[in-house]
file entry10.txt (compact mmCIF, C-alpha atoms)
# COMPACT_ATOMS: atom_id res chain seq x y z
CA MET Y 14 132.94 -10.99 403.26
CA GLN Y 15 134.02 -9.48 399.94
CA ILE Y 16 132.51 -6.15 400.95
CA ILE Y 17 134.44 -6.16 404.24
CA GLN Y 18 137.67 -6.96 402.41
CA SER Y 19 137.05 -4.15 399.93
CA ILE Y 20 136.38 -1.66 402.71
CA GLY Y 21 139.46 -2.85 404.56
CA GLN Y 22 141.59 -2.44 401.46
CA ALA Y 23 140.30 1.11 400.95
CA LEU Y 24 140.95 2.03 404.59
CA PHE Y 25 144.43 0.50 404.45
CA THR Y 26 145.25 2.52 401.33
CA SER Y 27 143.96 5.68 403.03
CA PHE Y 28 146.13 5.02 406.07
CA ASN Y 29 149.17 4.37 403.88
CA MET Y 30 148.67 7.75 402.24
CA LEU Y 31 148.22 9.44 405.61
CA TRP Y 32 151.44 7.86 406.87
CA GLU Y 33 153.29 9.07 403.78
CA ILE Y 34 152.15 12.70 404.16
CA LEU Y 35 152.00 12.96 407.98
CA TRP Y 36 155.38 14.57 408.62
CA PRO Y 37 155.04 16.94 405.65
CA LEU Y 38 151.65 18.03 407.02
CA ILE Y 39 153.09 18.73 410.48
CA LEU Y 40 156.14 20.49 409.04
CA GLY Y 41 154.01 22.54 406.66
CA PHE Y 42 151.55 23.67 409.32
CA THR Y 43 154.43 24.50 411.68
CA LEU Y 44 156.15 26.68 409.07
CA SER Y 45 152.82 28.25 408.19
CA GLY Y 46 152.23 28.99 411.88
CA ILE Y 47 155.65 30.65 412.10
CA VAL Y 48 154.88 32.90 409.15
CA GLN Y 49 151.42 33.81 410.43
CA ALA Y 50 152.82 34.53 413.89
CA VAL Y 51 154.90 37.41 412.56
CA VAL Y 52 152.57 38.76 409.83
CA SER Y 53 149.55 40.71 411.02
CA HIS Y 54 146.24 40.22 409.22
CA ARG Y 55 145.14 43.72 410.18
CA ALA Y 56 147.64 45.25 407.78
CA MET Y 57 145.85 43.70 404.82
CA ALA Y 58 142.75 45.73 404.06
CA LYS Y 59 144.40 49.15 404.29
CA THR Y 60 147.02 48.13 401.70
CA LEU Y 61 144.74 46.31 399.24
CA GLY Y 62 142.38 49.05 398.13
CA CYS Y 63 143.44 49.06 394.46
CA ASP Y 64 143.44 46.62 391.53
CA GLY Y 65 146.94 47.39 390.26
CA PRO Y 66 150.04 45.18 390.21
CA LYS Y 67 151.24 46.46 393.60
CA CYS Y 68 148.01 45.54 395.41
CA LEU Y 69 147.79 42.19 393.62
CA THR Y 70 151.37 41.41 394.63
CA LEU Y 71 150.65 42.32 398.25
CA ALA Y 72 147.41 40.31 398.20
CA THR Y 73 149.33 37.30 396.90
CA LEU Y 74 152.03 37.67 399.57
CA PHE Y 75 149.41 38.04 402.30
CA GLY Y 76 147.73 34.89 400.98
CA ILE Y 77 150.99 32.95 401.10
CA ALA Y 78 151.38 34.03 404.74
CA SER Y 79 147.86 32.89 405.71
CA SER Y 80 146.09 29.67 406.61
CA SER Y 81 145.57 27.13 403.82
CA CYS Y 82 142.01 26.41 404.97
CA SER Y 83 139.78 27.23 402.01
CA TYR Y 84 136.83 28.18 404.20
CA ALA Y 85 138.97 30.52 406.31
CA ALA Y 86 140.47 32.04 403.14
CA VAL Y 87 137.00 32.76 401.75
CA ALA Y 88 135.84 34.25 405.06
CA LEU Y 89 138.94 36.41 405.37
CA GLY Y 90 138.61 37.47 401.73
CA ARG Y 91 135.08 38.66 402.47
CA SER Y 92 136.30 40.42 405.62
CA ILE Y 93 139.08 42.41 403.94
CA PHE Y 94 136.75 43.31 401.07
CA GLN Y 95 134.24 44.60 403.59
CA LYS Y 96 136.96 46.66 405.29
CA GLY Y 97 138.17 48.41 402.16
CA ALA Y 98 140.17 46.01 399.98
CA SER Y 99 139.21 45.88 396.32
CA PHE Y 100 137.20 42.88 395.13
CA THR Y 101 140.04 41.84 392.81
CA SER Y 102 142.60 41.97 395.63
CA ALA Y 103 140.30 39.96 397.92
CA MET Y 104 139.94 37.23 395.29
CA ALA Y 105 143.69 37.24 394.59
CA PHE Y 106 144.25 36.76 398.32
CA GLU Y 107 141.95 33.73 398.32
CA LEU Y 108 143.72 32.11 395.36
CA ALA Y 109 147.16 32.59 396.92
CA SER Y 110 146.03 31.45 400.36
CA THR Y 111 144.85 28.09 399.06
CA ASN Y 112 147.40 27.42 396.30
CA LEU Y 113 150.71 29.08 397.18
CA VAL Y 114 151.08 28.03 400.82
CA ILE Y 115 154.03 26.14 402.31
CA GLU Y 116 152.22 23.03 403.51
CA LEU Y 117 150.70 22.32 400.09
CA GLY Y 118 154.10 22.51 398.39
CA ILE Y 119 155.73 20.14 400.88
CA ILE Y 120 152.96 17.54 400.58
CA LEU Y 121 153.12 17.66 396.78
CA ILE Y 122 156.88 17.06 396.84
CA VAL Y 123 156.53 14.00 399.07
CA LEU Y 124 153.47 12.47 397.44
CA LEU Y 125 153.93 13.34 393.76
CA GLY Y 126 157.34 14.93 393.23
CA TRP Y 127 159.02 18.33 393.04
CA GLN Y 128 157.68 18.95 389.55
CA PHE Y 129 154.13 19.21 390.92
CA THR Y 130 155.22 21.68 393.59
CA ALA Y 131 156.95 23.82 390.97
CA ALA Y 132 153.86 23.59 388.75
CA GLU Y 133 151.60 24.55 391.65
CA PHE Y 134 153.56 27.71 392.43
CA VAL Y 135 154.09 28.74 388.80
CA GLY Y 136 150.47 27.98 387.97
CA GLY Y 137 149.22 29.71 391.11
CA ILE Y 138 150.90 32.96 390.12
CA LEU Y 139 149.60 32.61 386.56
CA MET Y 140 146.11 31.99 387.90
CA VAL Y 141 146.18 35.24 389.91
CA ILE Y 142 147.33 37.11 386.78
CA PHE Y 143 144.65 35.52 384.57
CA MET Y 144 141.96 36.23 387.14
CA ALA Y 145 143.04 39.88 387.42
CA LEU Y 146 143.01 40.29 383.64
CA ILE Y 147 139.53 38.78 383.34
CA PHE Y 148 138.26 41.00 386.16
CA ARG Y 149 139.74 44.10 384.51
CA LEU Y 150 137.97 43.28 381.24
CA THR Y 151 134.62 42.08 382.56
CA LEU Y 152 134.04 43.10 386.19
CA THR Y 153 131.56 45.98 386.30
CA PRO Y 154 131.13 48.57 389.09
CA ARG Y 155 127.50 47.51 389.36
CA LEU Y 156 128.50 43.92 390.13
CA VAL Y 157 131.00 45.08 392.76
CA GLN Y 158 128.33 47.29 394.32
CA ARG Y 159 125.95 44.35 394.39
CA ALA Y 160 128.61 42.32 396.23
CA LYS Y 161 129.21 45.14 398.73
CA GLU Y 162 125.51 45.48 399.48
CA GLN Y 163 125.22 41.75 400.08
CA VAL Y 164 128.33 41.69 402.28
CA GLU Y 165 126.82 44.34 404.53
CA LYS Y 166 124.00 41.93 405.39
CA GLY Y 167 126.53 39.86 407.32
CA LEU Y 168 125.26 36.40 406.33
CA VAL Y 169 127.23 33.64 408.01
CA GLY Y 170 129.60 31.36 406.11
CA LYS Y 171 132.10 28.97 407.68
CA MET Y 172 135.28 29.36 409.76
CA GLU Y 173 134.61 33.09 410.18
CA GLY Y 174 135.90 33.12 413.74
CA HIS Y 175 139.11 31.45 412.63
CA ALA Y 176 139.54 34.03 409.87
CA ALA Y 177 138.97 36.92 412.31
CA MET Y 178 141.60 35.79 414.79
CA ASP Y 179 144.88 37.68 414.54
CA MET Y 180 147.38 36.03 416.88
CA SER Y 181 150.47 37.63 415.37
CA VAL Y 182 153.18 39.19 417.53
CA SER Y 183 154.24 42.79 416.91
CA GLY Y 184 157.38 44.67 417.90
CA GLY Y 185 160.98 43.62 417.46
CA SER Y 186 162.82 41.65 414.80
CA PHE Y 187 161.62 38.46 413.15
CA PHE Y 188 163.69 36.21 415.42
CA SER Y 189 162.99 38.16 418.61
CA LYS Y 190 159.26 37.78 417.96
CA LEU Y 191 159.55 34.15 416.95
CA PHE Y 192 161.65 32.98 419.91
CA SER Y 193 159.75 34.92 422.55
CA GLY Y 194 157.17 33.27 424.77
CA LYS Y 195 154.41 35.10 422.90
CA GLY Y 196 155.87 33.92 419.61
CA PHE Y 197 155.90 30.29 420.76
CA THR Y 198 152.29 30.62 421.89
CA ALA Y 199 151.26 32.26 418.60
CA VAL Y 200 152.86 29.47 416.55
CA SER Y 201 151.13 26.82 418.67
CA ASN Y 202 147.79 28.62 418.29
CA TYR Y 203 148.03 28.82 414.52
CA PHE Y 204 149.30 25.24 414.28
CA VAL Y 205 146.43 23.74 416.24
CA MET Y 206 143.70 25.93 414.80
CA ASP Y 207 144.84 25.40 411.22
CA TRP Y 208 144.72 21.66 411.85
CA ALA Y 209 141.27 22.02 413.42
CA SER Y 210 140.05 23.92 410.36
CA VAL Y 211 141.17 21.40 407.74
CA TRP Y 212 141.24 17.98 409.42
CA VAL Y 213 137.79 17.07 408.10
CA ASP Y 214 138.88 17.84 404.54
CA ILE Y 215 142.11 15.87 404.98
CA VAL Y 216 140.29 12.82 406.35
CA LEU Y 217 137.58 13.05 403.69
CA GLY Y 218 140.18 13.41 400.95
CA LEU Y 219 142.12 10.39 402.22
CA LEU Y 220 138.99 8.24 402.49
CA ILE Y 221 137.77 9.16 399.00
CA ALA Y 222 141.26 8.66 397.57
CA GLY Y 223 141.57 5.28 399.27
CA ALA Y 224 138.18 4.17 397.98
CA LEU Y 225 138.92 5.29 394.42
CA ALA Y 226 142.36 3.66 394.43
CA ALA Y 227 140.98 0.38 395.80
CA TRP Y 228 137.65 0.12 394.00
CA VAL Y 229 137.97 1.89 390.64
CA PRO Y 230 140.00 -0.08 388.08
CA ASP Y 231 142.81 1.64 386.19
CA SER Y 232 141.03 0.85 382.92
CA PHE Y 233 138.20 3.23 383.86
CA TRP Y 234 140.55 6.14 384.55
CA GLN Y 235 142.56 5.43 381.41
CA ALA Y 236 139.41 5.54 379.29
CA PHE Y 237 138.03 8.58 381.11
CA PHE Y 238 141.24 10.60 380.68
CA PHE Y 239 142.03 9.37 377.12
CA SER Y 240 145.35 7.94 378.26
CA ASN Y 241 145.82 6.19 374.92
CA ASN Y 242 145.59 9.51 373.08
CA PRO Y 243 148.13 11.96 374.59
CA THR Y 244 146.87 14.91 372.53
CA LEU Y 245 143.26 14.51 373.65
CA ALA Y 246 144.44 13.88 377.21
CA LYS Y 247 146.29 17.20 377.31
CA ILE Y 248 143.26 19.03 375.96
CA GLU Y 249 140.79 17.36 378.27
CA GLY Y 250 142.81 17.36 381.52
CA PRO Y 251 142.73 21.07 382.50
CA LEU Y 252 139.05 21.25 381.54
CA VAL Y 253 137.93 18.16 383.44
CA GLY Y 254 140.20 18.53 386.48
CA PRO Y 255 138.28 21.46 388.03
CA LEU Y 256 134.94 19.79 387.27
CA VAL Y 257 136.00 16.66 389.19
CA ALA Y 258 137.10 18.90 392.07
CA ILE Y 259 133.77 20.74 392.18
CA VAL Y 260 131.82 17.55 392.95
CA SER Y 261 134.47 16.06 395.27
CA PHE Y 262 133.51 18.36 398.21
CA VAL Y 263 137.17 18.26 399.31
CA CYS Y 264 139.23 21.41 399.67
CA SER Y 265 142.47 22.72 401.18
CA VAL Y 266 145.32 20.19 401.30
CA GLY Y 267 142.76 17.38 401.44
CA ASN Y 268 142.55 17.24 397.65
CA VAL Y 269 146.22 16.25 397.21
CA PRO Y 270 145.58 12.51 397.88
CA LEU Y 271 142.79 12.67 395.31
CA ALA Y 272 145.17 14.33 392.87
CA ALA Y 273 147.60 11.44 393.39
CA VAL Y 274 144.88 8.92 392.50
CA LEU Y 275 143.94 10.87 389.37
CA TRP Y 276 147.59 11.13 388.29
CA ARG Y 277 148.06 7.41 388.79
CA GLY Y 278 144.86 6.85 386.77
CA GLY Y 279 146.09 8.77 383.75
CA ILE Y 280 144.99 12.43 383.95
CA SER Y 281 147.37 14.86 382.26
CA PHE Y 282 149.96 16.88 384.18
CA GLY Y 283 148.03 20.10 383.57
CA GLY Y 284 144.83 18.33 384.62
CA VAL Y 285 146.31 17.48 388.03
CA VAL Y 286 147.38 21.07 388.54
CA SER Y 287 143.96 22.44 387.56
CA PHE Y 288 142.27 19.93 389.85
CA ILE Y 289 144.33 21.09 392.84
CA PHE Y 290 143.60 24.74 392.01
CA ALA Y 291 139.85 24.16 392.06
CA ASP Y 292 139.35 23.84 395.82
CA LEU Y 293 137.85 27.35 395.80
CA ILE Y 294 134.95 26.34 393.55
CA ILE Y 295 133.74 23.16 395.24
CA LEU Y 296 130.00 23.08 395.88
CA PRO Y 297 130.04 24.01 399.62
CA ILE Y 298 132.23 27.06 398.93
CA LEU Y 299 130.06 28.11 395.99
CA ASP Y 300 127.15 28.14 398.42
CA ILE Y 301 129.15 30.44 400.72
CA TYR Y 302 129.86 32.78 397.79
CA ARG Y 303 126.09 32.85 397.17
CA LYS Y 304 125.48 33.93 400.77
CA TYR Y 305 128.32 36.45 400.82
CA TYR Y 306 127.90 38.06 397.39
CA THR Y 307 124.55 36.95 395.76
CA TRP Y 308 123.83 34.32 393.12
CA LYS Y 309 124.99 36.51 390.26
CA VAL Y 310 128.37 37.30 391.79
CA MET Y 311 128.80 33.64 392.77
CA ALA Y 312 128.26 32.63 389.14
CA TYR Y 313 130.74 35.27 388.01
CA ILE Y 314 133.37 33.98 390.45
CA LEU Y 315 132.75 30.39 389.33
CA VAL Y 316 133.17 31.17 385.63
CA THR Y 317 136.21 33.43 386.01
CA PHE Y 318 137.97 31.10 388.46
CA TYR Y 319 137.29 28.10 386.22
CA ILE Y 320 138.73 29.87 383.18
CA ALA Y 321 141.78 31.03 385.14
CA MET Y 322 142.37 27.54 386.58
CA ALA Y 323 142.04 25.79 383.23
CA ALA Y 324 144.23 28.38 381.48
CA ALA Y 325 146.93 28.04 384.15
CA GLY Y 326 146.78 24.26 383.73
CA TYR Y 327 147.31 24.54 379.97
CA VAL Y 328 150.25 26.94 380.33
CA VAL Y 329 151.90 24.74 382.95
CA GLU Y 330 151.36 21.64 380.79
CA PHE Y 331 153.03 23.09 377.72
CA LEU Y 332 155.73 25.00 379.62
CA PHE Y 333 156.87 21.96 381.59
CA GLN Y 334 156.65 19.79 378.48
CA ALA Y 335 158.90 22.24 376.61
CA LEU Y 336 161.37 22.09 379.50
CA GLY Y 337 161.18 18.27 379.51
CA ILE Y 338 160.41 18.00 383.22
CA ILE Y 339 156.94 16.41 383.25
CA PRO Y 340 157.28 13.14 385.24
CA GLN Y 341 156.86 9.94 383.24
CA ASP Y 342 156.44 7.61 386.22
CA ARG Y 343 152.85 7.52 387.43
CA ASN Y 344 153.54 5.23 390.35
CA VAL Y 345 152.46 6.67 393.72
CA VAL Y 346 154.49 5.05 396.49
CA ALA Y 347 151.87 5.65 399.17
CA ILE Y 348 149.34 3.64 397.14
CA THR Y 349 151.51 0.80 395.84
CA GLU Y 350 154.13 0.10 398.53
CA GLY Y 351 152.46 0.73 401.88
CA ILE Y 352 154.10 1.44 405.24
CA GLN Y 353 157.76 0.59 405.66
CA TRP Y 354 160.39 1.26 408.31
CA ASN Y 355 162.32 3.97 406.52
CA TYR Y 356 163.04 7.68 406.71
CA THR Y 357 159.31 8.43 406.45
CA SER Y 358 158.54 6.49 409.62
CA ILE Y 359 161.44 8.11 411.49
CA LEU Y 360 160.40 11.61 410.40
CA ASN Y 361 156.79 10.88 411.35
CA ILE Y 362 157.86 10.00 414.90
CA ILE Y 363 160.04 13.13 415.19
CA PHE Y 364 157.34 15.45 413.91
CA LEU Y 365 154.64 13.80 416.02
CA VAL Y 366 156.74 14.78 419.05
CA LEU Y 367 156.91 18.35 417.71
CA ALA Y 368 153.13 18.35 417.20
CA ALA Y 369 152.63 17.12 420.78
CA ILE Y 370 154.79 19.97 422.11
CA LEU Y 371 152.77 22.56 420.19
CA VAL Y 372 149.44 21.05 421.25
CA ILE Y 373 150.51 21.03 424.92
CA ARG Y 374 151.57 24.68 424.64
CA PHE Y 375 148.23 25.51 423.02
CA ILE Y 376 146.25 23.86 425.83
CA ARG Y 377 148.36 25.31 428.65
CA THR Y 378 147.99 28.85 427.32
CA GLY Y 379 144.20 28.72 427.22
CA GLY Y 380 143.68 27.75 423.62
CA ILE Y 381 140.67 25.46 424.04
CA PRO Y 382 138.09 28.30 424.27
CA MET Y 383 139.34 29.63 420.94
CA LEU Y 384 138.49 26.34 419.24
CA ARG Y 385 134.88 26.83 420.27
CA MET Y 386 134.85 30.23 418.57
CA MET Y 387 136.22 29.18 415.17
CA ASN Y 388 132.79 29.20 413.51
CA THR Y 389 131.50 32.24 415.40
CA PRO Y 390 130.51 35.19 413.17
CA GLU Y 391 133.07 37.98 413.41
CA GLN Y 392 130.66 40.54 414.86
CA GLU Y 393 129.71 38.17 417.68
CA MET Y 394 133.25 37.27 418.74
CA ALA Y 395 133.25 39.44 421.85
CA HIS Y 396 129.95 38.13 423.20
CA HIS Y 397 129.63 34.50 422.05
CA HIS Y 398 129.03 31.98 424.84
CA GLY Y 399 129.31 34.76 427.39
CA TYR Y 400 132.93 35.59 426.54
CA THR Y 401 133.69 39.28 426.97
CA ALA Y 402 136.62 41.34 425.83
CA ASP Y 403 138.98 42.32 428.62
CA ARG Y 404 140.32 45.18 426.55
CA SER Y 405 138.98 47.04 423.52
CA LYS Y 406 140.40 49.88 421.50
CA PHE Y 407 138.01 51.74 419.28
CA CYS Y 408 139.23 53.31 416.10
CA GLY Y 409 136.84 55.03 413.70
CA SER Y 410 133.89 52.72 413.08
CA GLY Y 411 135.54 49.54 414.35
CA ALA Y 412 137.05 47.87 417.36
CA ILE Y 413 139.96 45.60 418.11
CA SER Y 414 139.14 43.31 421.01
CA THR Y 415 141.38 40.93 422.91
CA ILE Y 416 139.78 37.76 424.16
CA TYR Y 417 141.84 35.06 425.83
CA GLY Y 418 144.94 36.84 424.54
CA VAL Y 419 143.78 36.72 420.93
CA GLN Y 420 142.94 39.81 418.92
CA PHE Y 421 139.80 40.06 416.81
CA LEU Y 422 139.30 42.84 414.31
CA LEU Y 423 135.65 43.76 414.73
CA ALA Y 424 135.67 46.72 412.35
CA THR Y 425 133.20 46.78 409.50
CA LYS Y 426 134.81 49.43 407.33
CA ASP Y 427 137.81 51.16 408.90
CA ALA Y 428 141.00 49.14 408.73
CA GLY Y 429 143.23 51.87 410.08
CA ALA Y 430 143.72 50.45 413.58
CA PRO Y 431 147.30 50.47 414.83
CA GLU Y 432 149.31 47.30 415.18
CA ARG Y 433 149.16 45.58 418.53
CA GLY Y 434 150.69 42.32 419.61
CA MET Y 435 149.42 39.45 421.69
CA THR Y 436 149.18 39.84 425.42
call {"tool": "encode", "arguments": {"input": "entry10.txt", "output": "structure tokens"}}
result
Amino acid sequence: MQIIQSIGQALFTSFNMLWEILWPLILGFTLSGIVQAVVSHRAMAKTLGCDGPKCLTLATLFGIASSSCSYAAVALGRSIFQKGASFTSAMAFELASTNLVIELGIILIVLLGWQFTAAEFVGGILMVIFMALIFRLTLTPRLVQRAKEQVEKGLVGKMEGHAAMDMSVSGGSFFSKLFSGKGFTAVSNYFVMDWASVWVDIVLGLLIAGALAAWVPDSFWQAFFFSNNPTLAKIEGPLVGPLVAIVSFVCSVGNVPLAAVLWRGGISFGGVVSFIFADLIILPILDIYRKYYTWKVMAYILVTFYIAMAAAGYVVEFLFQALGIIPQDRNVVAITEGIQWNYTSILNIIFLVLAAILVIRFIRTGGIPMLRMMNTPEQEMAHHHGYTADRSKFCGSGAISTIYGVQFLLATKDAGAPERGMT
């Protein structure tokens, strides 16, 4: 009976956290879908061929305008690297795609406070800069060549089909594209497919967070994070945060509930930020790096990312402390207060209606077959399950195919294909 009660308490805590972040999730994915609907992925590789500030800035902006799914970010990073982007730009894109996206910022505001959102965006930019500096000092041409040779083998990772899909609308102004029928369809496609790509991580993160909040006593966390010694806590936090993330198996926005539990338990402000950054070095993604780039390159990415994440956590910690804006209240409403009839419940109902509208649009415009192709290797997109392209345009060594109204960039090296919108 005690076991059942403990499980029930953990599940109830998980549901409370889901209820607290539900409308921010829907709002965030909707805004992300809007941005992706008007920004073409095919423009990336041809503009990211250098390692300089301009290319890094563009890579960061492209990342902000992409899906927050860590697996899709890694797959798309590999794809643009294969098509001509520099290795540094591809990695900068990945960092921005998973740490500087709209939905993550909104969830952090609601669950932990605006200070964490500000820290995430400031730290995310710092992390890109630190990573670029480390790469400039230590990345050798031989290592890059090794990565290129491995990429050409085309080993399969995860969410490659989702990364290859470019459903953006071209032609016209921002608002004319957005409010057109094609724009509405594109937003619904990105909304549903982004949800489909991260829902497992969100559920897993909520379940783990609920279990930790319900079963692990505060005294354990306080001892583990040296809560009684603020100096040690600030030193330890950014170092331990990424290590906890690595073994959590949770990525994308799914690690925010876990971050809330760690913050409530006593980890430092910089430790929370570093923990959230580390979704790109969890064990499943490290295995994908191994497949994509070899063991040696995977180890290089792990070490450099870890250093950049920890360094960004330290800078954020001391910068926000100097400004006096680190929160002192460690109470997390979603864990301690539960569901209430308040603005959160009203907003959840409103945004659930919005989600239903987008899902209906997705289904009515033939979106279901695309869901089946989300894990399909990029080179097989036009032939998987008997699907064939109704139109292809060849350019150089690659092809842009349209399947079910969605464009797939099938090129292996040439990224010079002209822009084309949805049909």
call {"tool": "atom_distance", "arguments": {"input": "entry10.txt", "atom1": "CA of Thr153 in chain Y", "atom2": "CA of Tyr313 in chain Y"}}
result
10.9 Å
call {"tool": "residues_around", "arguments": {"input": "entry10.txt", "residues": "range 207-214 of chain Y", "least_positions_apart": "5", "cutoff": "7 Å", "atoms": "only C-alpha atoms", "output": "PyMOL selection string"}}
result
chain Y and resi 80+82+263-265+267
call {"tool": "atom_distance", "arguments": {"input": "entry10.txt", "atom1": "CA of Val123 in chain Y", "atom2": "CA of Thr111 in chain Y"}}
result
18.3 Å
call {"tool": "residues_around", "arguments": {"input": "entry10.txt", "residues": "Leu124 in chain Y", "least_positions_apart": "6", "cutoff": "9 Å", "atoms": "only C-alpha atoms", "output": "compact mmCIF listing (two decimals) with C-alpha atoms, keeping the file's coordinate frame"}}
result
# COMPACT_ATOMS: atom_id res chain seq x y z
CA MET Y 30 148.67 7.75 402.24
CA GLU Y 33 153.29 9.07 403.78
CA ILE Y 34 152.15 12.70 404.16
CA VAL Y 269 146.22 16.25 397.21
CA PRO Y 270 145.58 12.51 397.88
CA ALA Y 273 147.60 11.44 393.39
CA VAL Y 345 152.46 6.67 393.72
CA VAL Y 346 154.49 5.05 396.49
CA ALA Y 347 151.87 5.65 399.17
call {"tool": "residues_around", "arguments": {"input": "entry10.txt", "residues": "range 244-248 of chain Y", "least_positions_apart": "3", "cutoff": "12 Å", "atoms": "only C-alpha atoms", "output": "PyMOL selection string"}}
result
chain Y and resi 234-241+251-254+276+278-287+323-324+326-331+334
call {"tool": "atom_distance", "arguments": {"input": "entry10.txt", "atom1": "CA of Leu219 in chain Y", "atom2": "CA of Glu133 in chain Y"}}
result
20.1 Å
call {"tool": "residues_around", "arguments": {"input": "entry10.txt", "residues": "Gly118 in chain Y", "least_positions_apart": "5", "cutoff": "8 Å", "atoms": "only C-alpha atoms", "output": "list in words"}}
result
Leu113, Thr130, Glu133 and Phe134 of chain Y
call {"tool": "closest_residue", "arguments": {"input": "entry10.txt", "among": "Y:Ala23, Y:Val372, Y:Leu384, Y:Leu139", "to": "Ile39 in chain Y", "atoms": "all atoms listed in the file"}}
result
Y:Val372
call {"tool": "residues_around", "arguments": {"input": "entry10.txt", "residues": "range 161-164 of chain Y", "least_positions_apart": "4", "cutoff": "10 Å", "atoms": "only C-alpha atoms", "output": "list in words"}}
result
Arg91, Ser92, Phe94, Gln95, Phe100, Arg155, Leu156, Val157, Leu168, Val169, Arg303, Lys304, Tyr305, Tyr306, Thr307 and Val310 of chain Y
call {"tool": "closest_residue", "arguments": {"input": "entry10.txt", "among": "Y:Thr389, Y:Asn202, Y:Thr101, Y:Phe375", "to": "Thr151 in chain Y", "atoms": "all atoms listed in the file"}}
result
Y:Thr101
call {"tool": "closest_residue", "arguments": {"input": "entry10.txt", "among": "Y:Leu365, Y:Met140, Y:Ile77, Y:Ala325", "to": "Leu44 in chain Y", "atoms": "only C-alpha atoms"}}
result
Y:Ile77
call {"tool": "closest_residue", "arguments": {"input": "entry10.txt", "among": "Y:Ala86, Y:Ile338, Y:Leu152, Y:Ile295", "to": "Ala109 in chain Y", "atoms": "all atoms listed in the file"}}
result
Y:Ala86
call {"tool": "closest_residue", "arguments": {"input": "entry10.txt", "among": "Y:Gln49, Y:Ser99, Y:Thr357, Y:Asn344", "to": "Ser81 in chain Y", "atoms": "all atoms listed in the file"}}
result
Y:Gln49
call {"tool": "closest_residue", "arguments": {"input": "entry10.txt", "among": "Y:Val135, Y:Ile362, Y:Leu24, Y:Ile47", "to": "Leu191 in chain Y", "atoms": "all atoms listed in the file"}}
result
Y:Ile47
